[in-house]
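Trainee: File input-v2.pdb follows (PDB, C-alpha atoms):
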```
ATOM      1  CA  MET A  11     111.734 105.226 152.669
ATOM      2  CA  ASP A  12     113.118 102.365 154.695
ATOM      3  CA  ALA A  13     116.675 103.164 155.763
ATOM      4  CA  HIS A  14     117.842  99.567 155.903
ATOM      5  CA  PRO A  15     115.575  97.573 153.588
ATOM      6  CA  SER A  16     117.971  94.692 153.116
ATOM      7  CA  ALA A  17     118.528  94.099 156.835
ATOM      8  CA  ASP A  18     114.816  94.525 157.499
ATOM      9  CA  ALA A  19     113.933  91.952 154.841
ATOM     10  CA  LEU A  20     116.445  89.491 156.274
ATOM     11  CA  ARG A  21     115.086  89.902 159.784
ATOM     12  CA  ALA A  22     111.472  89.697 158.597
ATOM     13  CA  SER A  23     112.255  86.425 156.844
ATOM     14  CA  ARG A  24     112.631  84.731 160.220
ATOM     15  CA  ASN A  25     108.869  84.499 160.442
ATOM     16  CA  GLN A  26     107.944  85.327 156.852
ATOM     17  CA  PRO A  27     110.133  83.228 154.546
ATOM     18  CA  GLU A  28     108.828  85.069 151.490
ATOM     19  CA  ALA A  29     110.576  88.222 152.786
ATOM     20  CA  PHE A  30     113.888  86.503 152.092
ATOM     21  CA  LYS A  31     113.308  87.022 148.385
ATOM     22  CA  ARG A  32     113.715  90.785 148.839
ATOM     23  CA  PHE A  33     117.050  90.200 150.571
ATOM     24  CA  TYR A  34     118.042  87.754 147.829
ATOM     25  CA  LEU A  35     117.135  90.125 144.985
ATOM     26  CA  THR A  36     119.033  92.970 146.601
ATOM     27  CA  HIS A  37     122.262  90.990 146.662
ATOM     28  CA  VAL A  38     122.178  88.200 144.103
ATOM     29  CA  ASP A  39     123.604  90.032 141.071
ATOM     30  CA  ALA A  40     126.460  91.621 143.011
ATOM     31  CA  LEU A  41     127.280  88.425 144.898
ATOM     32  CA  LEU A  42     127.356  86.437 141.678
ATOM     33  CA  ALA A  43     129.712  89.008 140.101
ATOM     34  CA  TYR A  44     131.879  88.938 143.236
ATOM     35  CA  ILE A  45     132.212  85.162 143.035
ATOM     36  CA  VAL A  46     132.646  85.025 139.249
ATOM     37  CA  ARG A  47     135.592  87.379 139.598
ATOM     38  CA  ARG A  48     137.242  84.951 141.988
ATOM     39  CA  VAL A  49     136.563  81.624 140.299
ATOM     40  CA  HIS A  50     136.492  82.789 136.648
ATOM     41  CA  ASP A  51     133.806  80.259 135.890
ATOM     42  CA  VAL A  52     130.132  81.158 135.684
ATOM     43  CA  GLU A  53     128.911  77.619 136.308
ATOM     44  CA  ILE A  54     130.969  77.179 139.476
ATOM     45  CA  ALA A  55     130.053  80.695 140.555
ATOM     46  CA  LEU A  56     126.375  79.788 140.243
ATOM     47  CA  ASP A  57     126.948  76.693 142.388
ATOM     48  CA  LEU A  58     128.693  78.800 145.033
ATOM     49  CA  THR A  59     126.099  81.581 144.845
ATOM     50  CA  GLY A  60     123.265  79.089 145.193
ATOM     51  CA  GLU A  61     124.883  77.344 148.149
ATOM     52  CA  SER A  62     125.650  80.693 149.809
ATOM     53  CA  PHE A  63     122.042  81.849 149.570
ATOM     54  CA  ALA A  64     120.711  78.450 150.618
ATOM     55  CA  GLN A  65     122.950  78.586 153.698
ATOM     56  CA  ALA A  66     121.910  82.173 154.368
ATOM     57  CA  TYR A  67     118.285  81.099 154.150
ATOM     58  CA  LEU A  68     118.766  78.235 156.584
ATOM     59  CA  ARG A  69     120.745  80.460 158.963
ATOM     60  CA  ARG A  70     118.603  83.580 158.663
ATOM     61  CA  HIS A  71     117.627  83.257 162.328
ATOM     62  CA  SER A  72     121.219  83.846 163.337
ATOM     63  CA  PHE A  73     121.465  87.340 161.808
ATOM     64  CA  ARG A  74     121.672  89.805 164.679
ATOM     65  CA  GLY A  75     122.431  93.042 162.838
ATOM     66  CA  THR A  76     120.170  95.975 162.039
ATOM     67  CA  THR A  77     121.853  97.785 159.143
ATOM     68  CA  ASP A  78     122.211  96.977 155.458
ATOM     69  CA  GLY A  79     125.961  97.000 155.877
ATOM     70  CA  GLU A  80     125.724  94.338 158.559
ATOM     71  CA  ALA A  81     123.349  92.288 156.429
ATOM     72  CA  ALA A  82     125.712  92.433 153.446
ATOM     73  CA  ALA A  83     128.716  91.599 155.623
ATOM     74  CA  TRP A  84     126.828  88.627 157.079
ATOM     75  CA  LEU A  85     126.022  87.306 153.587
ATOM     76  CA  TYR A  86     129.513  87.847 152.213
ATOM     77  CA  ARG A  87     131.062  86.053 155.176
ATOM     78  CA  ILE A  88     128.998  83.013 154.222
ATOM     79  CA  ALA A  89     130.083  83.381 150.587
ATOM     80  CA  ALA A  90     133.740  83.836 151.551
ATOM     81  CA  ARG A  91     133.625  80.598 153.484
ATOM     82  CA  GLN A  92     132.160  78.833 150.442
ATOM     83  CA  LEU A  93     134.941  80.267 148.293
ATOM     84  CA  ALA A  94     137.577  79.095 150.771
ATOM     85  CA  LEU A  95     136.103  75.595 150.779
ATOM     86  CA  TYR A  96     136.024  75.590 146.992
ATOM     87  CA  PHE A  97     139.656  76.696 146.758
ATOM     88  CA  ARG A  98     140.639  73.960 149.187
ATOM     89  CA  ARG A  99     138.578  71.122 147.730
ATOM     90  CA  GLY A 100     138.222  72.081 144.094
ATOM     91  CA  ALA A 101     134.486  71.545 144.293
ATOM     92  CA  ALA A 102     131.573  73.642 145.492
ATOM     93  CA  GLU A 103     129.805  72.509 148.638
ATOM     94  CA  ARG A 104     126.150  71.589 148.143
ATOM     95  CA  ARG A 105     125.046  70.744 151.670
ATOM     96  CA  ALA A 106     122.428  73.465 152.079
ATOM     97  CA  LEU A 107     121.148  73.049 148.527
ATOM     98  CA  GLN A 108     120.687  69.341 149.144
ATOM     99  CA  ARG A 109     118.973  70.007 152.435
ATOM    100  CA  LEU A 110     116.478  72.208 150.619
ATOM    101  CA  ALA A 111     116.227  69.731 147.731
ATOM    102  CA  LEU A 112     117.281  72.516 145.355
ATOM    103  CA  GLU A 113     119.456  72.570 142.282
ATOM    104  CA  ALA A 114     121.882  75.476 141.956
ATOM    105  CA  PRO A 115     120.619  78.290 139.707
ATOM    106  CA  ARG A 116     121.436  78.113 136.007
ATOM    107  CA  LEU A 117     121.513  80.929 133.479
ATOM    108  CA  ALA A 118     120.403  81.091 129.883
ATOM    109  CA  PRO A 119     123.345  81.477 127.436
ATOM    110  CA  ASP A 120     122.640  85.157 126.783
ATOM    111  CA  GLU A 121     122.494  85.782 130.528
ATOM    112  CA  GLN A 122     125.865  84.063 130.982
ATOM    113  CA  ALA A 123     127.427  86.489 128.543
ATOM    114  CA  ARG A 124     125.944  89.406 130.473
ATOM    115  CA  VAL A 125     127.290  88.034 133.767
ATOM    116  CA  ILE A 126     130.759  87.804 132.257
ATOM    117  CA  GLU A 127     130.441  91.415 131.145
ATOM    118  CA  MET A 128     129.041  92.537 134.508
ATOM    119  CA  ALA A 129     131.880  90.870 136.390
ATOM    120  CA  GLY A 130     134.496  92.430 134.144
ATOM    121  CA  LEU A 131     135.838  88.966 133.466
ATOM    122  CA  GLU A 132     137.413  89.813 130.154
ATOM    123  CA  ASP A 133     139.536  92.518 131.782
ATOM    124  CA  LEU A 134     140.565  90.091 134.483
ATOM    125  CA  ARG A 135     141.746  87.542 131.973
ATOM    126  CA  SER A 136     144.645  89.813 131.033
ATOM    127  CA  ALA A 137     145.556  90.148 134.713
ATOM    128  CA  VAL A 138     145.519  86.372 135.024
ATOM    129  CA  ARG A 139     147.642  86.012 131.912
ATOM    130  CA  SER A 140     150.270  88.365 133.280
ATOM    131  CA  GLU A 141     150.400  86.612 136.655
ATOM    132  CA  LEU A 142     150.595  83.051 135.370
ATOM    133  CA  GLY A 143     154.388  83.143 135.467
ATOM    134  CA  ASN A 144     154.288  83.312 139.265
ATOM    135  CA  LEU A 145     152.515  79.961 139.587
ATOM    136  CA  SER A 146     153.816  76.417 139.578
ATOM    137  CA  ALA A 147     154.030  74.789 136.165
ATOM    138  CA  ALA A 148     151.085  72.497 136.917
ATOM    139  CA  GLN A 149     148.829  75.330 138.092
ATOM    140  CA  ARG A 150     149.941  77.596 135.263
ATOM    141  CA  GLN A 151     149.060  74.990 132.672
ATOM    142  CA  ALA A 152     145.676  74.296 134.257
ATOM    143  CA  LEU A 153     144.745  77.985 134.462
ATOM    144  CA  GLN A 154     145.959  78.648 130.948
ATOM    145  CA  LEU A 155     143.680  75.945 129.584
ATOM    146  CA  ARG A 156     140.639  76.693 131.726
ATOM    147  CA  VAL A 157     140.690  80.458 132.375
ATOM    148  CA  VAL A 158     142.581  81.883 129.434
ATOM    149  CA  ASP A 159     141.679  79.368 126.706
ATOM    150  CA  GLU A 160     138.238  78.734 128.277
ATOM    151  CA  LEU A 161     138.261  74.996 127.631
ATOM    152  CA  PRO A 162     135.721  72.772 129.382
ATOM    153  CA  TYR A 163     137.034  70.846 132.387
ATOM    154  CA  ALA A 164     136.787  67.532 130.554
ATOM    155  CA  GLU A 165     139.170  68.814 127.892
ATOM    156  CA  VAL A 166     141.493  70.371 130.464
ATOM    157  CA  ALA A 167     141.683  66.986 132.191
ATOM    158  CA  ASP A 168     142.291  65.233 128.905
ATOM    159  CA  ARG A 169     145.137  67.536 127.921
ATOM    160  CA  LEU A 170     146.757  67.307 131.344
ATOM    161  CA  ARG A 171     146.217  63.517 131.445
ATOM    162  CA  ILE A 172     144.557  63.699 134.840
ATOM    163  CA  SER A 173     141.018  63.063 136.064
ATOM    164  CA  GLU A 174     138.406  65.797 135.780
ATOM    165  CA  PRO A 175     138.125  66.229 139.593
ATOM    166  CA  ALA A 176     141.926  66.559 139.717
ATOM    167  CA  ALA A 177     141.773  69.171 136.955
ATOM    168  CA  ARG A 178     139.096  71.109 138.826
ATOM    169  CA  ALA A 179     141.180  70.978 142.015
ATOM    170  CA  ARG A 180     144.283  72.162 140.194
ATOM    171  CA  VAL A 181     142.417  75.094 138.678
ATOM    172  CA  ALA A 182     140.926  75.945 142.074
ATOM    173  CA  ARG A 183     144.350  75.964 143.729
ATOM    174  CA  GLY A 184     145.705  78.161 140.964
ATOM    175  CA  LEU A 185     142.830  80.586 141.400
ATOM    176  CA  LYS A 186     143.458  80.682 145.121
ATOM    177  CA  ALA A 187     147.060  81.657 144.421
ATOM    178  CA  LEU A 188     145.804  84.455 142.181
ATOM    179  CA  ALA A 189     143.038  85.579 144.535
ATOM    180  CA  GLN A 190     145.087  88.540 145.681
ATOM    181  CA  VAL A 191     145.344  89.782 142.104
ATOM    182  CA  PHE A 192     141.604  89.395 141.566
ATOM    183  CA  ASP A 193     140.849  91.304 144.752
ATOM    184  CA  SER A 194     142.944  94.219 143.571
ATOM    185  CA  GLN A 195     140.772  94.642 140.448
ATOM    186  CA  PRO A 196     137.820  96.963 141.182
ATOM    187  CA  THR A 197     134.360  96.314 139.825
ATOM    188  CA  PRO A 198     131.571  98.887 139.922
ATOM    189  CA  GLU A 199     128.807  96.405 140.747
ATOM    190  CA  GLU A 200     130.270  94.481 143.637
ATOM    191  CA  GLY A 201     128.228  94.723 146.815
ATOM    192  CA  MET A 202     131.037  93.815 149.170
ATOM    193  CA  PRO A 203     130.844  96.233 152.067
TER     194      PRO A 203
ATOM    195  CA  MET B  82     124.667 100.269 149.735
ATOM    196  CA  ASN B  83     120.973 101.055 150.183
ATOM    197  CA  GLN B  84     119.674  99.212 147.190
ATOM    198  CA  ASP B  85     115.969  99.041 146.511
ATOM    199  CA  PRO B  86     114.750  95.768 148.036
ATOM    200  CA  HIS B  87     112.009  95.577 145.429
ATOM    201  CA  GLN B  88     114.461  95.684 142.569
ATOM    202  CA  ARG B  89     114.522  92.831 140.130
ATOM    203  CA  SER B  90     117.559  90.823 139.248
ATOM    204  CA  LYS B  91     119.037  91.634 135.870
ATOM    205  CA  PHE B  92     118.637  87.949 135.141
ATOM    206  CA  ARG B  93     115.264  86.292 134.839
ATOM    207  CA  SER B  94     116.780  82.898 135.676
ATOM    208  CA  LEU B  95     118.134  84.179 138.987
ATOM    209  CA  GLU B  96     114.858  85.837 139.844
ATOM    210  CA  SER B  97     112.883  82.639 139.336
ATOM    211  CA  TRP B  98     115.463  80.680 141.337
ATOM    212  CA  GLY B  99     114.828  83.087 144.207
ATOM    213  CA  GLU B 100     111.182  82.039 144.100
ATOM    214  CA  GLU B 101     112.229  78.397 144.340
ATOM    215  CA  LEU B 102     114.524  79.124 147.251
ATOM    216  CA  THR B 103     111.885  80.852 149.339
ATOM    217  CA  ARG B 104     109.449  78.010 148.727
ATOM    218  CA  ALA B 105     111.972  75.319 149.531
ATOM    219  CA  VAL B 106     111.610  74.950 153.284
ATOM    220  CA  ARG B 107     107.895  74.337 153.096
ATOM    221  CA  ALA B 108     108.167  72.005 150.145
ATOM    222  CA  LYS B 109     110.945  69.766 151.393
ATOM    223  CA  PRO B 110     110.217  66.479 153.139
ATOM    224  CA  ARG B 111     110.286  66.667 156.922
ATOM    225  CA  ALA B 112     109.113  64.740 159.918
ATOM    226  CA  ARG B 113     111.929  62.366 160.660
ATOM    227  CA  PHE B 114     111.703  62.377 164.467
ATOM    228  CA  GLY B 115     108.609  62.775 166.558
ATOM    229  CA  LEU B 116     107.736  64.007 170.033
ATOM    230  CA  SER B 117     104.289  63.849 171.617
ATOM    231  CA  LEU B 118     103.270  67.137 173.160
ATOM    232  CA  PRO B 119     100.712  68.351 175.639
ATOM    233  CA  ARG B 120      97.879  69.572 173.465
ATOM    234  CA  ALA B 121      98.176  73.056 174.950
ATOM    235  CA  LEU B 122     101.654  73.415 173.501
ATOM    236  CA  LEU B 123     100.797  72.059 170.094
ATOM    237  CA  VAL B 124      99.088  75.159 168.735
ATOM    238  CA  PRO B 125     101.834  77.683 169.464
ATOM    239  CA  VAL B 126     104.588  75.336 168.352
ATOM    240  CA  ALA B 127     102.622  74.512 165.217
ATOM    241  CA  ALA B 128     102.034  78.201 164.561
ATOM    242  CA  LEU B 129     105.742  78.869 164.728
ATOM    243  CA  ALA B 130     106.697  75.866 162.668
ATOM    244  CA  LEU B 131     104.121  76.387 159.965
ATOM    245  CA  GLY B 132     104.900  80.084 159.891
ATOM    246  CA  GLY B 133     108.418  79.233 158.908
ATOM    247  CA  GLY B 134     109.977  80.615 162.078
ATOM    248  CA  ALA B 135     111.525  77.329 163.093
ATOM    249  CA  VAL B 136     113.700  75.587 160.569
ATOM    250  CA  GLY B 137     113.713  71.899 161.199
ATOM    251  CA  ILE B 138     110.325  71.632 162.856
ATOM    252  CA  ALA B 139     107.088  70.352 161.416
ATOM    253  CA  VAL B 140     103.831  69.309 162.996
ATOM    254  CA  ALA B 141     101.680  66.256 162.486
ATOM    255  CA  THR B 142      98.201  67.571 163.083
ATOM    256  CA  SER B 143      96.452  64.403 164.103
ATOM    257  CA  ALA B 144      93.687  65.411 166.458
ATOM    258  CA  ASP B 145      94.099  62.262 168.545
ATOM    259  CA  ASP B 146      97.844  62.201 168.795
ATOM    260  CA  PRO B 147      99.464  65.636 168.495
ATOM    261  CA  VAL B 148     103.107  65.268 167.570
ATOM    262  CA  VAL B 149     105.799  67.756 166.720
ATOM    263  CA  GLU B 150     108.324  66.344 164.314
ATOM    264  CA  PHE B 151     111.868  67.406 163.554
ATOM    265  CA  GLU B 152     114.528  66.938 160.998
ATOM    266  CA  CYS B 153     117.350  66.556 163.429
ATOM    267  CA  PRO B 154     117.579  64.657 166.702
ATOM    268  CA  ALA B 155     119.518  67.482 168.367
ATOM    269  CA  ALA B 156     116.566  69.813 167.928
ATOM    270  CA  MET B 157     114.136  67.214 169.201
ATOM    271  CA  GLN B 158     116.181  66.556 172.305
ATOM    272  CA  GLU B 159     116.608  70.247 173.004
ATOM    273  CA  LEU B 160     112.908  70.960 172.685
ATOM    274  CA  LYS B 161     111.965  67.934 174.766
ATOM    275  CA  GLU B 162     114.144  69.049 177.637
ATOM    276  CA  ARG B 163     112.850  72.596 177.519
ATOM    277  CA  LEU B 164     109.231  71.593 177.278
ATOM    278  CA  ASP B 165     109.659  69.139 180.143
ATOM    279  CA  ASN B 166     110.985  71.956 182.291
ATOM    280  CA  TYR B 167     108.312  74.321 181.085
ATOM    281  CA  VAL B 168     105.400  72.009 181.820
ATOM    282  CA  THR B 169     106.675  70.892 185.183
ATOM    283  CA  SER B 170     107.321  74.455 186.268
ATOM    284  CA  THR B 171     103.662  75.443 186.012
ATOM    285  CA  ASP B 172     100.499  73.754 187.114
ATOM    286  CA  ASP B 173      98.726  74.666 183.927
ATOM    287  CA  PRO B 174     100.940  75.616 180.995
ATOM    288  CA  ARG B 175      97.990  77.271 179.292
ATOM    289  CA  GLY B 176      98.000  79.867 182.056
ATOM    290  CA  SER B 177     101.214  81.268 180.659
ATOM    291  CA  PHE B 178      99.909  81.820 177.154
ATOM    292  CA  ASP B 179      98.679  85.090 175.797
ATOM    293  CA  ALA B 180      95.112  85.673 174.674
ATOM    294  CA  ALA B 181      95.768  83.944 171.368
ATOM    295  CA  GLY B 182      97.218  80.911 173.117
ATOM    296  CA  VAL B 183     100.766  81.702 172.027
ATOM    297  CA  PRO B 184     103.578  82.369 174.507
ATOM    298  CA  VAL B 185     105.291  84.354 171.811
ATOM    299  CA  GLU B 186     108.550  85.424 173.353
ATOM    300  CA  GLU B 187     109.437  82.117 174.901
ATOM    301  CA  LEU B 188     108.609  80.003 171.896
ATOM    302  CA  ALA B 189     110.194  82.410 169.433
ATOM    303  CA  GLN B 190     113.393  82.161 171.423
ATOM    304  CA  LEU B 191     113.041  78.410 171.508
ATOM    305  CA  ALA B 192     112.544  78.228 167.763
ATOM    306  CA  ASP B 193     115.631  80.346 167.228
ATOM    307  CA  GLU B 194     117.759  78.080 169.364
ATOM    308  CA  LEU B 195     116.393  74.996 167.652
ATOM    309  CA  ALA B 196     117.248  76.424 164.266
ATOM    310  CA  SER B 197     120.834  76.884 165.414
ATOM    311  CA  ALA B 198     120.917  73.374 166.855
ATOM    312  CA  CYS B 199     119.939  71.966 163.466
ATOM    313  CA  GLU B 200     122.871  73.537 161.655
TER     314      GLU B 200
END
```
As structure tokens, how would this structure be written, given the file I've shared?

Mentor:
Amino acid sequence: MDAHPSADALRASRNQPEAFKRFYLTHVDALLAYIVRRVHDVEIALDLTGESFAQAYLRRHSFRGTTDGEAAAWLYRIAARQLALYFRRGAAERRALQRLALEAPRLAPDEQARVIEMAGLEDLRSAVRSELGNLSAAQRQALQLRVVDELPYAEVADRLRISEPAARARVARGLKALAQVFDSQPTPEEGMP
Amino acid sequence: MNQDPHQRSKFRSLESWGEELTRAVRAKPRARFGLSLPRALLVPVAALALGGGAVGIAVATSADDPVVEFECPAAMQELKERLDNYVTSTDDPRGSFDAAGVPVEELAQLADELASACE
């Protein structure tokens, strides 16, 4: 039995791109759950997950580790950077996806429901609800509409009388403010080392 | 954290997207910048590029005019400088190749550096 199958697959993918799929399959479910728990939005989480793996694929030559822990840490550093960019800009980066001429992954409706369950999103909603009072009025209103009431961004924008990109940015900034709360909620499936 | 690398995703959609991702580099359009090469260097560089070891490199396999093509000018410039040094440092570059005609270590290192230069 290979002691570090994930790291080995990542290193093998330097010369055998198909090996990257083993690395991807090892981490994709946990990484998606990790991101969903931070952005509370499956669609945005899929964008960020797709971009993270596309960047990992393009940068696979730069991985210098040998253990599965190092491979996971390398991947999650890429994902954390994507999250930080999203929190700052209110939109997911798509540079690597565009470079590979790829669309971000999309899930079937029944799969979306299972992702929400896997990420423990329903439990987190109560944590969000209880922390809303610590946010600014604008962020509180945006998070209430998007995260708690689960309205689409177009409707959030309409109710707040702002543009949809502005609504997305406001939600992202609110989520950033709550990131510490999200990180304190454990999830059994997260692969974060 | 030692998960089975042969496991399947719980989600069929994610699994099929993984297939798309690992096919993407070969499928995407390339060849934006070209560099003529000594024929002796074409085969090993082509082997690396076509094997997927060098992101950002592709090869035009015209028999009369062997050209290595890149997606980013930084990679092209880097390779050009290194190949210039390589060729001028030996009388016959083929003398440095292994039995299969591939100077593996040197070109693998080169491909790695080019991949970084393209980021």

Trainee: Which residues of chain A are close to chain B, meaning at most 9 Å apart when you count only C-alpha atoms, and how do they look as a PyMOL selection string?

Mentor: chain A and resi 13-16+19+23-39+60+63-64+67-69+71-72+78-79+82+109-112+114-118+121+124-125+201+203

Trainee: Distance atom CA of A:Ser62-atom CA of A:Ala164, one decimal place?

Mentor: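 Calculated distance between atom CA of A:Ser62 and atom CA of A:Ala164 is 25.8 Å.
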
Trainee: Can you measure atom CA of A:Ala123 to atom CA of A:His50 for me? One decimal in Å is fine.

Mentor: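 Separating atom CA of A:Ala123 from atom CA of A:His50 is a distance of 12.7 Å.
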
Trainee: Figure out the distance between atom CA of A:Ser136 and atom CA of A:Leu41, please, to one decimal in Å.

Mentor: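 Separation of atom CA of A:Leu41 and atom CA of A:Ser136: 22.3 Å.
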